[in-house]
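J.: So here's target_14.cif, just mmCIF, C-alpha atoms:
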data_entry
loop_
_atom_site.label_atom_id
_atom_site.label_comp_id
_atom_site.auth_asym_id
_atom_site.auth_seq_id
_atom_site.Cartn_x
_atom_site.Cartn_y
_atom_site.Cartn_z
CA MET A 72 -1.29 -20.40 -12.61
CA ARG A 73 0.97 -21.89 -9.92
CA GLY A 74 3.64 -19.80 -8.23
CA ARG A 75 6.78 -21.47 -9.50
CA GLN A 76 9.81 -21.65 -7.23
CA ILE A 77 12.75 -19.88 -8.77
CA ARG A 78 16.42 -19.67 -7.93
CA ARG A 79 16.99 -17.22 -5.12
CA ARG A 80 18.42 -14.01 -6.46
CA THR A 81 21.37 -12.49 -4.72
CA LEU A 82 21.16 -9.43 -2.58
CA PHE A 83 21.47 -6.44 -4.88
CA ALA A 84 23.28 -4.07 -2.55
CA LEU A 85 23.81 -2.93 1.00
CA VAL A 86 23.36 0.75 1.58
CA THR A 87 26.74 2.20 2.43
CA ALA A 88 27.28 3.65 5.88
CA GLY A 89 25.71 7.08 6.18
CA ALA A 90 24.87 7.27 2.48
CA GLY A 91 22.54 10.21 2.13
CA ALA A 92 20.94 9.77 5.54
CA LEU A 93 19.66 13.09 6.87
CA ALA A 94 20.76 14.18 10.32
CA LEU A 95 17.41 13.77 12.03
CA PRO A 96 16.52 11.81 15.19
CA GLY A 97 15.68 8.17 14.58
CA VAL A 98 17.04 7.85 11.06
CA ALA A 99 17.48 4.20 10.14
CA ARG A 100 20.99 2.83 10.45
CA ALA A 101 22.69 1.78 7.22
CA GLN A 102 22.86 -1.87 8.24
CA ASP A 103 19.05 -1.89 8.55
CA VAL A 104 18.48 -1.12 4.84
CA ARG A 105 18.75 -3.85 2.22
CA SER A 106 17.79 -3.89 -1.43
CA ILE A 107 16.36 -6.80 -3.42
CA GLU A 108 16.53 -6.88 -7.20
CA VAL A 109 13.19 -7.90 -8.70
CA GLY A 110 13.54 -6.56 -12.25
CA GLY A 111 10.91 -4.85 -14.38
CA THR A 112 9.04 -1.85 -13.05
CA PRO A 113 7.73 -2.85 -9.60
CA ALA A 114 4.45 -1.13 -8.79
CA GLY A 115 2.21 -2.12 -5.88
CA VAL A 116 3.62 -3.79 -2.77
CA ALA A 117 1.88 -5.48 0.18
CA VAL A 118 3.02 -7.66 3.07
CA ASN A 119 1.44 -10.56 4.94
CA PRO A 120 2.20 -10.11 8.67
CA VAL A 121 1.40 -13.77 9.35
CA THR A 122 4.02 -15.21 6.97
CA GLY A 123 6.27 -12.15 6.73
CA LEU A 124 6.33 -12.45 2.95
CA ALA A 125 5.93 -9.38 0.73
CA TYR A 126 4.30 -9.26 -2.70
CA VAL A 127 5.35 -6.94 -5.52
CA ALA A 128 3.44 -6.47 -8.77
CA ASP A 129 5.23 -5.86 -12.07
CA PRO A 130 2.94 -4.55 -14.84
CA GLU A 131 5.75 -4.92 -17.35
CA SER A 132 6.02 -8.71 -17.03
CA GLY A 133 2.53 -9.50 -15.72
CA THR A 134 3.96 -11.17 -12.62
CA VAL A 135 3.94 -10.91 -8.85
CA SER A 136 7.26 -11.47 -7.05
CA VAL A 137 7.19 -13.03 -3.59
CA LEU A 138 9.91 -11.63 -1.31
CA ASP A 139 11.41 -13.15 1.82
CA PRO A 140 12.85 -10.27 3.89
CA GLN A 141 14.83 -12.65 6.10
CA SER A 142 16.95 -13.90 3.21
CA ALA A 143 16.52 -10.69 1.19
CA SER A 144 15.55 -12.69 -1.87
CA VAL A 145 12.80 -13.47 -4.36
CA VAL A 146 11.48 -16.92 -3.44
CA ALA A 147 8.71 -17.25 -6.02
CA GLU A 148 7.33 -15.54 -9.07
CA VAL A 149 3.64 -15.86 -9.94
CA ASP A 150 2.39 -15.23 -13.46
CA VAL A 151 -0.93 -13.39 -13.15
CA GLY A 152 -1.03 -11.96 -16.68
CA GLY A 153 -2.14 -8.52 -17.78
CA ALA A 154 -0.62 -5.46 -16.14
CA PRO A 155 -0.93 -5.97 -12.38
CA GLY A 156 -0.83 -2.84 -10.24
CA ASP A 157 -2.09 -2.60 -6.68
CA ILE A 158 -1.92 -5.53 -4.23
CA ALA A 159 -3.82 -6.19 -1.00
CA VAL A 160 -3.40 -9.00 1.53
CA ASP A 161 -6.04 -10.57 3.77
CA PRO A 162 -3.94 -12.38 6.39
CA LYS A 163 -7.01 -13.67 8.21
CA ALA A 164 -8.42 -15.41 5.12
CA GLY A 165 -4.99 -16.21 3.67
CA ARG A 166 -5.65 -14.54 0.34
CA ILE A 167 -3.65 -12.22 -1.92
CA TYR A 168 -5.57 -9.84 -4.21
CA VAL A 169 -4.00 -8.31 -7.32
CA ALA A 170 -5.65 -5.58 -9.42
CA ASN A 171 -5.41 -5.76 -13.21
CA PRO A 172 -6.74 -2.36 -14.37
CA PRO A 173 -6.66 -2.96 -18.16
CA ALA A 174 -8.91 -6.00 -17.78
CA GLY A 175 -11.02 -4.59 -14.95
CA THR A 176 -10.37 -7.69 -12.87
CA VAL A 177 -8.95 -8.71 -9.50
CA VAL A 178 -6.84 -11.88 -9.36
CA VAL A 179 -7.17 -13.95 -6.18
CA LEU A 180 -4.19 -16.03 -5.02
CA ASP A 181 -3.85 -18.53 -2.19
CA GLY A 182 -1.61 -16.93 0.43
CA ARG A 183 0.13 -20.21 1.25
CA THR A 184 0.62 -21.95 -2.11
CA HIS A 185 0.27 -18.86 -4.36
CA ASP A 186 -2.00 -20.90 -6.62
CA LEU A 187 -4.72 -19.11 -8.57
CA VAL A 188 -8.03 -19.17 -6.68
CA SER A 189 -10.21 -17.01 -8.89
CA ILE A 190 -10.43 -13.99 -11.18
CA ILE A 191 -13.21 -11.53 -10.31
CA GLY A 192 -14.68 -8.92 -12.62
CA ALA A 193 -14.48 -5.58 -10.79
CA GLY A 194 -15.47 -3.03 -13.43
CA ALA A 195 -13.44 -1.05 -15.95
CA GLY A 196 -10.16 0.35 -14.64
CA ALA A 197 -10.34 -1.26 -11.17
CA SER A 198 -6.93 -0.25 -9.83
CA ALA A 199 -6.81 0.47 -6.07
CA LEU A 200 -7.53 -2.25 -3.50
CA ALA A 201 -8.36 -2.46 0.19
CA VAL A 202 -9.42 -5.41 2.35
CA ASP A 203 -12.01 -5.61 5.13
CA GLU A 204 -10.69 -8.58 7.12
CA GLN A 205 -13.66 -8.61 9.50
CA ALA A 206 -16.24 -8.99 6.74
CA ASN A 207 -14.01 -10.89 4.28
CA ARG A 208 -14.69 -8.30 1.60
CA VAL A 209 -12.46 -6.51 -0.87
CA TYR A 210 -12.96 -3.01 -2.29
CA ALA A 211 -11.63 -2.04 -5.71
CA ALA A 212 -11.72 1.61 -6.79
CA SER A 213 -11.58 2.54 -10.46
CA GLY A 214 -9.18 5.17 -11.74
CA ASP A 215 -11.12 5.33 -15.01
CA THR A 216 -14.80 5.45 -14.07
CA GLY A 217 -14.77 6.35 -10.37
CA THR A 218 -16.83 3.28 -9.49
CA LEU A 219 -16.28 1.23 -6.34
CA ALA A 220 -16.50 -2.55 -6.66
CA VAL A 221 -17.43 -4.55 -3.57
CA LEU A 222 -16.10 -8.12 -3.81
CA ASP A 223 -17.14 -11.08 -1.68
CA GLY A 224 -14.00 -12.87 -0.49
CA VAL A 225 -15.83 -16.11 0.31
CA SER A 226 -17.57 -16.68 -3.02
CA CYS A 227 -15.04 -14.62 -5.03
CA THR A 228 -17.84 -12.76 -6.76
CA LEU A 229 -18.80 -9.15 -7.40
CA ALA A 230 -21.30 -8.19 -4.68
CA ALA A 231 -21.93 -4.63 -5.86
CA LEU A 232 -20.65 -2.00 -8.28
CA VAL A 233 -21.32 1.44 -6.82
CA PRO A 234 -21.13 4.58 -9.00
CA GLY A 235 -18.76 7.08 -7.44
CA PRO A 236 -19.55 10.78 -6.91
CA LYS A 237 -16.36 11.76 -8.72
CA PRO A 238 -14.97 10.67 -12.12
CA SER A 239 -11.74 9.08 -10.88
CA LEU A 240 -10.65 7.33 -7.68
CA ALA A 241 -6.94 6.79 -7.08
CA GLY A 242 -6.56 5.14 -3.67
CA ILE A 243 -8.68 3.48 -1.01
CA ALA A 244 -8.54 2.47 2.65
CA VAL A 245 -11.08 0.70 4.86
CA ASP A 246 -11.98 1.31 8.51
CA PRO A 247 -13.82 -1.93 9.38
CA GLY A 248 -14.66 -0.92 12.95
CA ARG A 249 -16.49 2.22 11.88
CA LYS A 250 -17.85 0.60 8.71
CA LEU A 251 -16.34 3.24 6.44
CA ALA A 252 -14.12 3.32 3.36
CA TYR A 253 -12.15 6.31 2.12
CA CYS A 254 -11.37 6.91 -1.56
CA ALA A 255 -8.94 9.52 -2.88
CA SER A 256 -10.20 11.61 -5.80
CA THR A 257 -7.35 13.18 -7.75
CA GLY A 258 -9.55 15.30 -10.00
CA THR A 259 -11.35 17.10 -7.17
CA ASP A 260 -8.64 17.15 -4.46
CA SER A 261 -10.89 15.33 -2.06
CA VAL A 262 -11.42 12.12 -0.12
CA GLU A 263 -14.82 10.52 -0.68
CA VAL A 264 -16.40 8.73 2.28
CA PHE A 265 -18.25 5.45 1.66
CA SER A 266 -20.61 3.86 4.18
CA ILE A 267 -20.23 0.09 4.23
CA ASP A 268 -23.59 -0.35 5.97
CA SER A 269 -25.62 1.71 3.48
CA GLY A 270 -23.53 0.89 0.44
CA LYS A 271 -23.44 4.57 -0.52
CA PHE A 272 -21.03 7.50 -0.59
CA VAL A 273 -22.03 9.74 2.31
CA GLY A 274 -19.49 12.55 2.46
CA SER A 275 -16.53 14.38 0.98
CA VAL A 276 -13.43 15.95 2.57
CA LYS A 277 -11.24 18.54 0.85
CA VAL A 278 -7.52 17.72 1.13
CA GLY A 279 -4.32 18.64 -0.71
CA ALA A 280 -3.66 18.71 -4.43
CA ARG A 281 -4.02 15.42 -6.32
CA PRO A 282 -4.48 12.91 -3.48
CA THR A 283 -3.43 9.45 -4.60
CA ALA A 284 -3.23 7.23 -1.52
CA VAL A 285 -5.12 6.81 1.76
CA ALA A 286 -4.43 4.94 5.01
CA VAL A 287 -6.45 4.63 8.24
CA HIS A 288 -5.29 4.20 11.83
CA ALA A 289 -7.89 1.75 13.10
CA ALA A 290 -7.78 2.63 16.81
CA SER A 291 -8.24 6.39 16.39
CA GLY A 292 -10.01 6.43 13.04
CA THR A 293 -7.53 9.03 11.78
CA VAL A 294 -7.17 9.15 7.99
CA TYR A 295 -3.85 9.95 6.30
CA VAL A 296 -3.71 11.15 2.71
CA ALA A 297 -0.74 11.31 0.33
CA ASN A 298 -1.02 14.38 -1.94
CA SER A 299 0.97 13.99 -5.15
CA GLY A 300 0.50 17.61 -6.22
CA ILE A 301 1.83 19.41 -3.15
CA HIS A 302 4.56 19.02 -0.51
CA HIS A 303 2.38 17.93 2.37
CA MET A 304 0.41 15.01 3.77
CA SER A 305 -3.16 15.59 4.93
CA ILE A 306 -4.50 14.34 8.26
CA VAL A 307 -8.29 13.95 8.28
CA ASP A 308 -10.48 13.78 11.38
CA ALA A 309 -12.99 10.97 10.80
CA ALA A 310 -15.54 12.35 13.28
CA THR A 311 -15.78 15.85 11.81
CA ARG A 312 -14.75 14.82 8.28
CA THR A 313 -12.36 17.73 7.98
CA GLU A 314 -8.68 18.14 7.19
CA ARG A 315 -7.43 18.98 10.70
CA LYS A 316 -3.72 19.21 9.93
CA THR A 317 -1.09 19.03 7.20
CA VAL A 318 2.47 17.74 7.54
CA LEU A 319 5.09 19.49 5.44
CA LEU A 320 7.27 17.09 3.43
CA ARG A 321 10.33 17.59 1.26
CA SER A 322 8.55 16.43 -1.88
CA GLU A 323 5.16 15.34 -3.14
CA SER A 324 3.98 11.97 -1.82
CA SER A 325 2.03 9.39 -3.76
CA ALA A 326 2.04 6.42 -1.35
CA LEU A 327 1.88 5.81 2.39
CA ALA A 328 1.31 3.11 4.99
CA VAL A 329 0.53 3.25 8.71
CA HIS A 330 1.88 0.92 11.40
CA GLN A 331 -1.19 0.29 13.53
CA GLY A 332 0.54 -0.52 16.83
CA THR A 333 2.53 2.72 17.00
CA ASN A 334 0.44 4.99 14.75
CA THR A 335 3.53 5.68 12.67
CA VAL A 336 3.05 6.74 9.06
CA TYR A 337 5.61 6.01 6.34
CA THR A 338 5.42 7.92 3.06
CA ASN A 339 7.53 8.40 -0.06
CA GLY A 340 7.43 12.16 0.45
CA GLY A 341 11.07 12.40 1.47
CA GLN A 342 13.91 13.90 -0.53
CA ASN A 343 14.80 10.88 -2.68
CA GLY A 344 13.61 8.59 0.07
CA LEU A 345 11.24 7.83 2.92
CA SER A 346 9.64 10.06 5.55
CA ARG A 347 8.40 8.94 8.96
CA ILE A 348 5.55 10.75 10.72
CA ASP A 349 4.15 10.48 14.24
CA GLY A 350 0.47 10.08 13.48
CA ALA A 351 -0.75 11.13 16.92
CA GLY A 352 1.22 14.37 16.96
CA GLY A 353 1.18 14.96 13.23
CA THR A 354 4.89 15.69 13.15
CA LEU A 355 7.75 14.61 10.90
CA THR A 356 10.11 12.50 13.05
CA GLY A 357 12.62 11.09 10.59
CA GLU A 358 13.80 10.88 7.01
CA LEU A 359 15.84 8.30 5.17
CA SER A 360 17.49 8.95 1.82
CA LEU A 361 17.50 5.95 -0.50
CA GLY A 362 18.96 7.84 -3.45
CA ILE A 363 15.77 7.32 -5.45
CA ASN A 364 12.24 8.59 -5.83
CA PRO A 365 10.38 5.66 -4.24
CA GLY A 366 7.18 4.13 -5.56
CA ASP A 367 4.75 2.23 -3.34
CA VAL A 368 5.16 1.72 0.44
CA ALA A 369 4.02 -1.10 2.75
CA VAL A 370 4.74 -1.97 6.39
CA ASP A 371 4.70 -5.31 8.20
CA GLN A 372 2.31 -4.85 11.13
CA ARG A 373 4.14 -7.49 13.18
CA THR A 374 7.81 -6.54 12.68
CA ARG A 375 7.43 -2.92 11.50
CA THR A 376 9.64 -3.71 8.51
CA VAL A 377 9.00 -1.23 5.68
CA PHE A 378 9.02 -2.17 1.99
CA VAL A 379 9.57 0.49 -0.68
CA THR A 380 9.52 -0.11 -4.45
CA ASP A 381 11.96 1.45 -6.90
CA PRO A 382 10.27 1.33 -10.33
CA LEU A 383 13.20 2.99 -12.10
CA HIS A 384 15.81 0.41 -11.08
CA GLY A 385 13.62 -2.67 -10.64
CA ARG A 386 14.25 -3.27 -6.97
CA VAL A 387 12.67 -3.13 -3.52
CA SER A 388 14.21 -1.66 -0.36
CA VAL A 389 13.65 -3.55 2.89
CA ILE A 390 14.01 -1.23 5.91
CA ARG A 391 14.12 -2.25 9.57
CA ASP A 392 14.20 -0.20 12.76
CA PHE A 393 13.09 3.05 11.18
#
Starting from the coordinates I provided, produce the structure as structure tokens.

T.:
Amino acid sequence: MRGRQIRRRTLFALVTAGAGALALPGVARAQDVRSIEVGGTPAGVAVNPVTGLAYVADPESGTVSVLDPQSASVVAEVDVGGAPGDIAVDPKAGRIYVANPPAGTVVVLDGRTHDLVSIIGAGAGASALAVDEQANRVYAASGDTGTLAVLDGVSCTLAALVPGPKPSLAGIAVDPGRKLAYCASTGTDSVEVFSIDSGKFVGSVKVGARPTAVAVHAASGTVYVANSGIHHMSIVDAATRTERKTVLLRSESSALAVHQGTNTVYTNGGQNGLSRIDGAGGTLTGELSLGINPGDVAVDQRTRTVFVTDPLHGRVSVIRDF
């Protein structure tokens, strides 16, 4: 399956000046928000900080759209089949990983050519992905069975399939330096802690209602959790494995991403838009109304550009300087 080059689609819209932006410090300027039409129902989004390209999965068409934020266009569309959901990028290895939950597989794409590299069996319902760049391993959590698949990025094989302590896992993040992975469990309102060294789940942290996404700040080890059943984001202390603080949001959040250099968290817990949180202080520092209830969120670690999917209208917002 080769990523075929397609005609560049035109910019869908520019956000009008001041449209819905809340009067808070640091709100993104209107000229910094652009929208790219991708069609379908865009789900997972991820960005490669080396190339600057973003990848958006569409379970409706079974494709992954490749976005160029500089030209605000779709530059390629890759047919991966099935119903792709979550996406993860390993910039060090130059690989793109796409989860296909109905088939229980993870599709591996070449990050430069977008050619198919391999398809790895990851267990029934494998839906949430995270990459350990240091070890060249990929973790796939199952929303159906609660199992955690450990994939070898070199051989593109299943290294281990670990039974989870809870029946369903919704999101996952990896802390390579501390050799830990964190999995959100929606059914038990907890984050399950997995030891990479032992290959076992070693702890559990109670958080907010229906946690669905997790992110880790690598330098501090702080864990951020999006709770889709309550209006706040949980901040977890990795050392004590406790919820040390909650950040009140205007709506429930289901996705988040952290910019490592500034410890800034971006989440879809805003009022029809995006919220920005200072991770060190645990405070809400800005909100941006996009006029929609956003889907997934990703941030370019090099440029701090934020990508937000809009499943209802089939487009992706590209946000700079927020």

J.: Tell me, as a count of residues only, which residues lie within 6 Å of stretch 237-251 of chain A, counting all atoms listed in the file; anything in the same chain fewer than 3 positions away does not count.

T.: 19

J.: How close does stretch 223-342 of chain A get to stretch 356-371 of chain A? List, as a tab-separated table, each residue of stretch 223-342 of chain A within 9 Å, its nearest atom pair and the distance in Å to one decimal, counting only C-alpha atoms.

T.:
residue	atom	partner	partner_atom	distance
A:Ser325	CA	A:Gly366	CA	7.6
A:Ala326	CA	A:Asp367	CA	5.4
A:Leu327	CA	A:Val368	CA	5.6
A:Ala328	CA	A:Ala369	CA	5.5
A:Val329	CA	A:Val370	CA	7.1
A:His330	CA	A:Val370	CA	6.5
A:Tyr337	CA	A:Val368	CA	7.3
A:Thr338	CA	A:Val368	CA	6.7
A:Asn339	CA	A:Pro365	CA	5.8
A:Gly340	CA	A:Pro365	CA	8.5
A:Gly341	CA	A:Glu358	CA	6.4
A:Gln342	CA	A:Ser360	CA	6.5

J.: Can you tell me, as a PyMOL selection string, what residues are no more than 9 Å from stretch 279-282 of chain A when counting only C-alpha atoms, ignoring any on the same chain fewer than 4 positions away?

T.: chain A and resi 241-242+255-262+296-305+317+324-325

J.: Which centre and which edge lengths, in Å to one decimal, describe the axis-aligned box that holds all listed atoms of stretch 220-224 of chain A after 5 Å is added on each side, as AutoDock Vina command-line options?

T.:
--center_x -15.7 --center_y -7.7 --center_z -3.6 --size_x 13.4 --size_y 20.3 --size_z 16.2

J.: Find, counting all atoms listed in the file, the residue in A:Ile348, A:Val135, A:Ile390, A:Val178 that gets nearest to A:Asp150.

T.: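 Between A:Ile348, A:Val135, A:Ile390, A:Val178, the residue approaching A:Asp150 most closely is A:Val135.
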
J.: May I ask for the distance between atom CA of A:Val116 and atom CA of A:Val379, given in Å to one decimal place?

T.: 7.6 Å

J.: For a test of reading the model, state the distance in Å between atom CA of A:Val146 and atom CA of A:Ala159, rounded to one decimal.

T.: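 Atom CA of A:Ala159 lies at a distance of 18.8 Å from atom CA of A:Val146.
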
J.: Compare A:Lys271, A:Arg321, A:Arg391, A:Arg166 by their minimum atom-to-atom distance to A:Thr184, counting all atoms listed in the file, and give me the closest one.

T.: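 Among A:Lys271, A:Arg321, A:Arg391, A:Arg166, it is A:Arg166 that comes nearest to A:Thr184.
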
J.: Distance atom CA of A:Gly156-atom CA of A:Tyr126, one decimal place?

T.: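 Taking atom CA of A:Gly156 as the start and atom CA of A:Tyr126 as the end point, the length is 11.2 Å.
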
J.: Residue by residue, what does the PyMOL selection byres ((chain A and resi 310) around 10) grab here? Present the result as a list in words.

T.: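 Selected by the PyMOL selection byres ((chain A and resi 310) around 10) in this file: Ser291, Gly292, Thr293, Val307, Asp308, Ala309, Thr311, Arg312 and Thr313 of chain A.
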
J.: On this structure, the PyMOL selection byres ((chain A and resi 351) around 9) would catch which residues? List them as a list in words, sorted by chain and number.

T.: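 On the file shown, the PyMOL selection byres ((chain A and resi 351) around 9) covers Ser291, Thr293, Asn334, Thr335, Ile348, Asp349, Gly350, Gly352, Gly353 and Thr354 of chain A.
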
J.: Using all atoms listed in the file, collect all residues at a distance of at most 9 Å from (-0.4, -5.1, 10.8) as written in the file, then present them as a CSV table (one decimal) with C-alpha atoms, in the coordinates of the input.

T.:
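Contents of selection-v2.csv, as written:
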chain,number,residue,atom,x,y,z
A,118,VAL,CA,3.0,-7.7,3.1
A,119,ASN,CA,1.4,-10.6,4.9
A,120,PRO,CA,2.2,-10.1,8.7
A,121,VAL,CA,1.4,-13.8,9.4
A,329,VAL,CA,0.5,3.2,8.7
A,330,HIS,CA,1.9,0.9,11.4
A,331,GLN,CA,-1.2,0.3,13.5
A,332,GLY,CA,0.5,-0.5,16.8
A,370,VAL,CA,4.7,-2.0,6.4
A,371,ASP,CA,4.7,-5.3,8.2
A,372,GLN,CA,2.3,-4.8,11.1
A,373,ARG,CA,4.1,-7.5,13.2
A,374,THR,CA,7.8,-6.5,12.7
A,375,ARG,CA,7.4,-2.9,11.5

J.: What lies within 10 Å of A:Ser136 using all atoms listed in the file, ignoring chain neighbours under 6 positions off, as an NGL selection string?

T.: :A and (74 or 109-110 or 113 or 116 or 125-129 or 144-150)
